[in-house]
Amino acid sequence: RDRLAGMSVRPASAQSSALSRPTPPAFHTVAYSRTIRNRMEAPMIRLIPRPDASERHSILIDAPRERVWEALVSLDGRDIPLARALFAARSLVSLLVHGRSSMRGTFTPLVVEPGRELVLGLIGQWWRLGGSQDVPVESLAQFEAFDRPGFAKGTFAFYLEDEGGRTRLTTETLVVATSPDALRAFRPYWLIIRPGSGLIRRLILGAVRSRAVRP
């Protein structure tokens with residue numbers, strides 16, 4: 001397994017070739033980025049068309065897309081010590097409450113287009129911390145089809161765009177609950193962790209920029 005900024009990432013048995021370009025769905029797009037609104041075929045829109053939670057961050061990097069991509073996929077926890085500390089703190093709380101670590105969920109690459117986009121997926125009950133019954137994601141098709149009540153599905157995506165000789169790197173997170181009870185449990189958890197989640201994503205973007213512009 002590889003590590004992306006301290007998070008476990010493992011290969012999936014199905015990649016971007018399994019994702020066809022969908023017909024643009026009819027739903028409100030006001031919360032989405034300009035990139036997503038202009039690219040309704042974006043994989044994560046297909047995977048989670050009506051999210052219960054979302055966040056987006058972007059950064060402009062003075063480097064070509066190929067260099068930014070290489071910096072992104074080679075990133076690990078050592079590049080972001082603070083992010084590692086935040087994950088460790090969450091794991092400690094889980095250990096005290098449930099007697100086991102919460103660092104069990106694994107992000108699986110669902111869509112990979114080198115130099116353009118990377119979409120990771122995760123299924124679990126993260127609000128239960130160490131009590132979560134995480135579901136291993138074996139393929140893109142499995143992620144799309146999963147609808148067992150009591151869980152949430154999340155995508156963590158990166159998009160790279162050329163912008164005036166530089167690269168715009170955007171990260172977008174979408175989450176959808178699979179049942180009303182899961183949504184009720186997820187909402188307070190999201191309110192608590194969202195500030196830290198946003199900070200981690202901004203730290204990741206900053207670390208990618210530092211790697212990409214490094215001589």
# chains A, B, ... in the order shown; residues from 1 in each chain; ligands from 1
>>> residues_around(residues="Asp162 in chain A", least_positions_apart="4", cutoff="8 Å", atoms="only C-alpha atoms", output="PyMOL selection string")
chain A and resi 64-65+166-168
>>> residues_around(residues="Lys153 in chain A", least_positions_apart="2", cutoff="12 Å", atoms="only C-alpha atoms", output="ChimeraX atom specification")
/A:44,47-54,105,107-108,120-126,134-137,142-151,155-156,173-179,182-183,186
>>> atom_distance(atom1="CA of Val73 in chain A", atom2="CA of Glu138 in chain A")
20.2 Å
>>> residues_around(residues="His57 in chain A", least_positions_apart="2", cutoff="10 Å", atoms="only C-alpha atoms", output="compact mmCIF listing (two decimals) with C-alpha atoms, in the first residue's frame")
# COMPACT_ATOMS: atom_id res chain seq x y z
CA SER A 33 -16.36 24.42 -8.47
CA GLU A 55 -15.58 20.83 0.41
CA ILE A 59 -3.90 26.32 -5.27
CA PHE A 158 -7.52 15.98 -7.26
CA LEU A 169 -4.46 21.97 -8.45
CA THR A 170 -7.91 21.46 -6.95
CA THR A 171 -8.98 18.97 -4.33
CA GLU A 172 -12.65 18.22 -3.81
CA THR A 173 -14.27 15.94 -1.25
CA GLY A 198 -10.04 21.41 5.46
CA LEU A 199 -6.71 22.11 7.14
CA ARG A 201 -6.35 19.34 2.48
CA ARG A 202 -4.75 22.78 2.44
CA LEU A 205 -1.89 21.30 -1.51
>>> atom_distance(atom1="CA of Val68 in chain A", atom2="CA of Ser197 in chain A")
21.8 Å
